[in-house]
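Student: Got a structure here, written out as structure tokens. Questions coming.
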Number of protein chains: 2
Amino acid sequence: MITDAPQRVLDELTRALGPALVTDPAALAPLRADRSGHSSPAAPLALVEARSVEDVQATLRIANAHGVPVVPRGAGTGLAGGAIAGEDELVLSTLAMNRILEVDPVDEIAVVEPGILNGAFNDALAEHGLWFAPDPASRAISTVGGNIATNAGGLLCAKYGVTREAVLGLDVVLADGTLLRVGRRSLKGVTGLDLTGLFVGSEGTLGVIVGATVRVRPRVSGAIATIGAWFPDVHSAASACTAVGATRVRPAVLELMDAASLAAIAGYLGPQLEPKGAVYVLAQADGPAAASEADTIADALRASGGIVEATTDAAEGERLLAVRRSAHPAYAALGSTLIEDVCVPRSKLAAMFDAIGDIERRYGLTIPTLAHAGDGNLHPNFIFGEPGSVTTEVPEEIWRAADDLFRSALQLGGTLTGEHGVGILKKRWLADELGERQVDLQRDLRRVFDPRGILNPGKVF
Amino acid sequence: MITDAPQRVLDELTRALGPALVTDPAALAPLRADRSGHSSPAAPLALVEARSVEDVQATLRIANAHGVPVVPRGAGTGLAGGAIAGEDELVLSTLAMNRILEVDPVDEIAVVEPGILNGAFNDALAEHGLWFAPDPASRAISTVGGNIATNAGGLLCAKYGVTREAVLGLDVVLADGTLLRVGRRSLKGVTGLDLTGLFVGSEGTLGVIVGATVRVRPRVSGAIATIGAWFPDVHSAASACTAVGATRVRPAVLELMDAASLAAIAGYLGPQLEPKGAVYVLAQADGPAAASEADTIADALRASGGIVEATTDAAEGERLLAVRRSAHPAYAALGSTLIEDVCVPRSKLAAMFDAIGDIERRYGLTIPTLAHAGDGNLHPNFIFGEPGSVTTEVPEEIWRAADDLFRSALQLGGTLTGEHGVGILKKRWLADELGERQVDLQRDLRRVFDPRGILNPGKVF
């Protein structure tokens, strides 16, 4: 509900921003949600479609002066509710700031605006034989700014690192409108505290990213070896993945789909899929040693009881990959989904699957689980509601089961979120992982950046 | 000078710590210095040789209560004065906390106390076929805790990353004595702000590291290919290194020694060295594609005018490496040395060497320079005093020349310290790189961790 004060703020924003300020209810309604399944009860006050750093600065200056909460937003593809906006909040979108300002093939760095989509950025880099390694599953639809704000992971990060490792410097607008440059263009540098790393993964709580200087890599050349392996049960498959880790070869991809996942995928793909076991492991090796690494991986999977198919043929590789690609649509066909995101030391993968099995039995749930097994990151998908239903709000019973999941992950030395972030959905478990003292400390640090607490309030903390 | 109050603090520390508290002047005198060449005018009040986390906590609790400055110290091998202590300061050494608590070969992680030497840690890891990648030149004598506190680099980081990329979690004692655990054991995790990364490189200003969970890597197997290349001048050698970067091959090692370095090394090695040019580039390739990568590197060096020798024979490789290994003793024979540490985007290497040549001419100095060319990190060695002299205090004229160096590096998009840190020696240039606003922000962040400002005061900020 817009009271008098918000209207004054809107007037001031209109004067400063012109058509970049959007109050059309049809444009505001989608901002209540992201891809988490959660949505806020009411639409935000307005949307700023920033076109420039100056737009971002003006927005924050005005919002800060009036104490108006600001929700930074990219493509809205987050899975933790970090970009969801509600009543009397202002959404600051950097989606339209989507230029690639520079690609330097010699230094292997690029400078981009935050709104560029990861996929579009990679398309442009491909022309230079380069590649931006962070590869969240959302890469076709998520922005580089959002990847940075959440320290996005993906399938390849056990070998190629998470987003943080690809970010050299950032341009950030602070809550009071100040433009701050942190980090540098050089590959190394230790002048002062590492604020670049602090902004990465801060989920919009410290400042708004308006530019990024990132490392890009030479595209990996040569044939990719793809391996599919079938196992009788998740325990043997998880142990096989741990055995792959113990070979000291780092696969580019190592994914595990459990029995509930495979059943869902079989239902979705129909007769196309000919399962040779109840559980599936997908691996890829790339780079100059791809062939010999693939042999090592295949041997380890076989020695752990897997039925293994391997190929360097692209079409045949696609067939082995199809199982993995079908997982999310297959889950969606089962009902509404809460995609979870725990991460454990990879030797604890089998133990984590045991815990998930226990939770399924205790709560009478189906939790098909997909794991980035190379780095111990599991995505258990809590299914609820009817097949094909569009219910999005997660029932409390599902949260109770998720609570058990988080506690199990923490007990195994892991974390409640490997790559999706805390956002709204996990903030009630924050202290369980970090401890009260650290949460207090993090809140105090946040206050240094944003004394009035206007940036993404109610998220993370 | 110990006034009444310091004596009371010492009494309290003695009661809490027993023999861990050292006040013997012979033990305190060396704490005035590190390897920077700088030393404080007076010795510190006392030394705590902590044997446990509890010792560190007790020390900080007491120091904080009385407002006594505490200088955390490892092996004292820093090059920026970060561990130097002076009058009325308390040195808190974690050198005796040197146990390896765990090595997990499956998860490729290890848990260590901070005082373990990098070299000793690697010796122990070798038994598991593992390796801690951060490799500062000081690795035989520097501690893992110190490597983390300075985010140490080294020869291999263009390919294998800096220390920050190897640290998963830290146990840290805050200024008030609280033990804080940040980070995790899992390879990924995005719960809350990344305090682990913030502590890495914080040079003892945020807390005292008492434990670290680090990533270790499988040792790189197979023969190492070593390449030596001679060039007529530094410009062609620097361009050759940039050309190596443009091949998209990442050498494990890519070092450049300029003409002044080579002259010093020739003087030091005598007839053993048969230079085939005025400037030397050393490269190494390792891993499964070492041989073909070495060919690519050698071709690029040759195409840029280098006279190239290459080998996969270990003894012959040692001969090519000897030039590099002799650099520091050769500089030391010329006089006192201020080792500098700028880093620029690697395409700016030739321009940075041009700037160093200008500074040599303008100030009438010899500045033999060694570069980690793969990541654009240069170590210009400002020589002053007589050959064999033991003068350590850096004359103001040398600092004026260094000031020119820093400004040139910043103009080229670089940094005033690539891997040594700010410590005491570079704090007057901090704002030139970070800007006043960022320095203020960093100071405010520091205050959150250490409200009374007892941790390493006068360092960095």
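Naming scheme: A, B, ... for chains in displayed order of the structure tokens; residues 1 onward per chain; ligands 1 onward as shown.
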For segment 312-318 of chain A, find every residue with an atom within 7 Å (counting only C-alpha atoms), except residues of its own chain fewer than 3 positions away, and show them as a list in words.
Tutor: Ala223, Ile224, Ala225, Thr226, Leu321 and Ala322 of chain A
Student: Can you tell me, as a list in words, what residues are no more than 8 Å from segment 374-377 of chain A when counting only C-alpha atoms, ignoring any on the same chain fewer than 2 positions away?
Tutor: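 Selected residues are Cys157, Ala158, Cys241, Gly245, Arg250, Pro251, Val253, Leu254, Glu255, Asp341, Val342, Cys343, Val344, Pro345, Arg346, Ser347, Lys348, Leu349, Ala371, His372, His379 and Gly418 of chain A; Ser186, Leu187 and Lys188 of chain B.
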Student: As number ranges by chain, please: every residue in segment 79-264 of chain B that DSSP puts in strand (DSSP E).
Tutor: B: 90-93, 100-104, 109-112, 130-131, 167-173, 179-183, 208-215, 217-218, 225-231, 253-257
Student: Pro30 of chain A: which residues within 12 Å, counting only C-alpha atoms, same-chain residues fewer than 6 positions away excluded, as a list in words?
Tutor: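 Result of the neighbour search: Asp24, His38, Ser39, Ser40, Pro41, Ala42, Ala43, Pro44, Ala46, Leu47, Arg73, Ala75, Gly76, Thr77, Ala83, Ile84, Ala85, Gly86 and Val91 of chain A.
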Student: Those same residues - N, CA, C and O atoms - I'd like them written as a PDB file, in the first residue's frame.
Tutor:
ATOM      1  N   ASP A  24       3.884   0.136 -13.429  1.00  0.00           N
ATOM      2  CA  ASP A  24       2.825  -0.680 -14.031  1.00  0.00           C
ATOM      3  C   ASP A  24       2.646  -1.976 -13.242  1.00  0.00           C
ATOM      4  O   ASP A  24       3.568  -2.781 -13.146  1.00  0.00           O
ATOM      5  N   HIS A  38       8.833 -19.705  -3.947  1.00  0.00           N
ATOM      6  CA  HIS A  38       8.316 -18.820  -2.908  1.00  0.00           C
ATOM      7  C   HIS A  38       7.893 -17.502  -3.568  1.00  0.00           C
ATOM      8  O   HIS A  38       8.481 -17.091  -4.551  1.00  0.00           O
ATOM      9  N   SER A  39       6.867 -16.869  -2.997  1.00  0.00           N
ATOM     10  CA  SER A  39       6.585 -15.516  -3.480  1.00  0.00           C
ATOM     11  C   SER A  39       6.025 -14.685  -2.344  1.00  0.00           C
ATOM     12  O   SER A  39       5.485 -15.214  -1.370  1.00  0.00           O
ATOM     13  N   SER A  40       6.208 -13.392  -2.451  1.00  0.00           N
ATOM     14  CA  SER A  40       5.767 -12.521  -1.368  1.00  0.00           C
ATOM     15  C   SER A  40       4.297 -12.199  -1.556  1.00  0.00           C
ATOM     16  O   SER A  40       3.775 -12.227  -2.675  1.00  0.00           O
ATOM     17  N   PRO A  41       3.601 -11.879  -0.459  1.00  0.00           N
ATOM     18  CA  PRO A  41       2.152 -11.686  -0.540  1.00  0.00           C
ATOM     19  C   PRO A  41       1.747 -10.491  -1.393  1.00  0.00           C
ATOM     20  O   PRO A  41       0.678 -10.509  -1.992  1.00  0.00           O
ATOM     21  N   ALA A  42       2.596  -9.463  -1.459  1.00  0.00           N
ATOM     22  CA  ALA A  42       2.189  -8.264  -2.199  1.00  0.00           C
ATOM     23  C   ALA A  42       3.285  -7.840  -3.166  1.00  0.00           C
ATOM     24  O   ALA A  42       4.451  -8.190  -3.001  1.00  0.00           O
ATOM     25  N   ALA A  43       2.900  -7.104  -4.178  1.00  0.00           N
ATOM     26  CA  ALA A  43       3.863  -6.613  -5.166  1.00  0.00           C
ATOM     27  C   ALA A  43       4.656  -5.441  -4.590  1.00  0.00           C
ATOM     28  O   ALA A  43       4.192  -4.773  -3.663  1.00  0.00           O
ATOM     29  N   PRO A  44       5.848  -5.193  -5.137  1.00  0.00           N
ATOM     30  CA  PRO A  44       6.653  -4.074  -4.633  1.00  0.00           C
ATOM     31  C   PRO A  44       6.079  -2.729  -5.072  1.00  0.00           C
ATOM     32  O   PRO A  44       5.178  -2.656  -5.911  1.00  0.00           O
ATOM     33  N   ALA A  46       7.699  -0.267  -6.688  1.00  0.00           N
ATOM     34  CA  ALA A  46       8.091   0.131  -8.050  1.00  0.00           C
ATOM     35  C   ALA A  46       9.326  -0.653  -8.468  1.00  0.00           C
ATOM     36  O   ALA A  46       9.965  -1.314  -7.651  1.00  0.00           O
ATOM     37  N   LEU A  47       9.619  -0.550  -9.759  1.00  0.00           N
ATOM     38  CA  LEU A  47      10.796  -1.201 -10.340  1.00  0.00           C
ATOM     39  C   LEU A  47      11.649  -0.137 -11.003  1.00  0.00           C
ATOM     40  O   LEU A  47      11.123   0.693 -11.753  1.00  0.00           O
ATOM     41  N   ARG A  73      18.042  -6.966  -8.294  1.00  0.00           N
ATOM     42  CA  ARG A  73      17.546  -8.107  -9.069  1.00  0.00           C
ATOM     43  C   ARG A  73      18.224  -8.174 -10.435  1.00  0.00           C
ATOM     44  O   ARG A  73      18.471  -7.143 -11.050  1.00  0.00           O
ATOM     45  N   ALA A  75      18.132 -11.519 -13.371  1.00  0.00           N
ATOM     46  CA  ALA A  75      17.125 -12.190 -14.189  1.00  0.00           C
ATOM     47  C   ALA A  75      16.057 -12.873 -13.333  1.00  0.00           C
ATOM     48  O   ALA A  75      15.107 -13.439 -13.867  1.00  0.00           O
ATOM     49  N   GLY A  76      16.219 -12.836 -12.017  1.00  0.00           N
ATOM     50  CA  GLY A  76      15.205 -13.438 -11.148  1.00  0.00           C
ATOM     51  C   GLY A  76      15.175 -14.952 -11.206  1.00  0.00           C
ATOM     52  O   GLY A  76      14.133 -15.563 -10.997  1.00  0.00           O
ATOM     53  N   THR A  77      16.332 -15.564 -11.461  1.00  0.00           N
ATOM     54  CA  THR A  77      16.371 -17.027 -11.580  1.00  0.00           C
ATOM     55  C   THR A  77      16.851 -17.711 -10.298  1.00  0.00           C
ATOM     56  O   THR A  77      17.074 -18.919 -10.290  1.00  0.00           O
ATOM     57  N   ALA A  83      15.926 -12.583  -4.468  1.00  0.00           N
ATOM     58  CA  ALA A  83      15.548 -11.421  -5.279  1.00  0.00           C
ATOM     59  C   ALA A  83      14.045 -11.147  -5.229  1.00  0.00           C
ATOM     60  O   ALA A  83      13.521 -10.363  -6.003  1.00  0.00           O
ATOM     61  N   ILE A  84      13.361 -11.786  -4.286  1.00  0.00           N
ATOM     62  CA  ILE A  84      11.918 -11.593  -4.147  1.00  0.00           C
ATOM     63  C   ILE A  84      11.631 -10.263  -3.452  1.00  0.00           C
ATOM     64  O   ILE A  84      12.277  -9.929  -2.460  1.00  0.00           O
ATOM     65  N   ALA A  85      10.652  -9.525  -3.982  1.00  0.00           N
ATOM     66  CA  ALA A  85      10.323  -8.222  -3.394  1.00  0.00           C
ATOM     67  C   ALA A  85       8.866  -8.185  -2.945  1.00  0.00           C
ATOM     68  O   ALA A  85       8.012  -8.834  -3.547  1.00  0.00           O
ATOM     69  N   GLY A  86       8.624  -7.428  -1.897  1.00  0.00           N
ATOM     70  CA  GLY A  86       7.273  -7.326  -1.355  1.00  0.00           C
ATOM     71  C   GLY A  86       6.850  -5.885  -1.147  1.00  0.00           C
ATOM     72  O   GLY A  86       7.473  -4.942  -1.647  1.00  0.00           O
ATOM     73  N   VAL A  91      12.362  -2.455  -6.324  1.00  0.00           N
ATOM     74  CA  VAL A  91      13.225  -3.419  -7.019  1.00  0.00           C
ATOM     75  C   VAL A  91      14.180  -2.649  -7.923  1.00  0.00           C
ATOM     76  O   VAL A  91      13.759  -1.791  -8.699  1.00  0.00           O
TER      77      VAL A  91
END
Student: Quick one: residues within 12 Å of Ile307 of chain A, only C-alpha atoms, excluding same-chain residues fewer than 5 positions away - as a list in words?
Tutor: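 The residues that qualify are Ile227, Gly228, Ala229, Trp230, Phe231, Pro232, Ser236, Ala237, Ala240, Pro275, Lys276, Gly277, Ala278, Val279, Tyr280, Val281, Leu282, Ala298, Asp299, Ala300, Leu301 and Arg302 of chain A.
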Student: Near Gln411 of chain B, within 10 Å and counting only C-alpha atoms, which residues show up once chain neighbours fewer than 4 positions away are dropped, as a list in words?
Tutor: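 Within the cut-off, the hits are Val344, Met352, Leu405, Phe406, Arg407, Thr415 and Glu433 of chain B.
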Student: Excluding same-chain residues fewer than 6 positions from Val216 of chain A, what lies within 6 Å of it counting only C-alpha atoms, as a ChimeraX atom specification?
Tutor: /A:108-109,131-132
Student: For a quick check of understanding, using only C-alpha atoms, which of A:Pro271, A:Pro25, A:Gly414, A:Gly115 has the smallest distance to chain B?
Tutor: A:Gly414
Student: Hey, which of A:Arg184, A:Arg446, A:Lys459, A:Arg248 ends up closest to Lys426 of chain A? Count only C-alpha atoms.
Tutor: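 Answer, going by the shortest atom-to-atom distance: A:Lys459.
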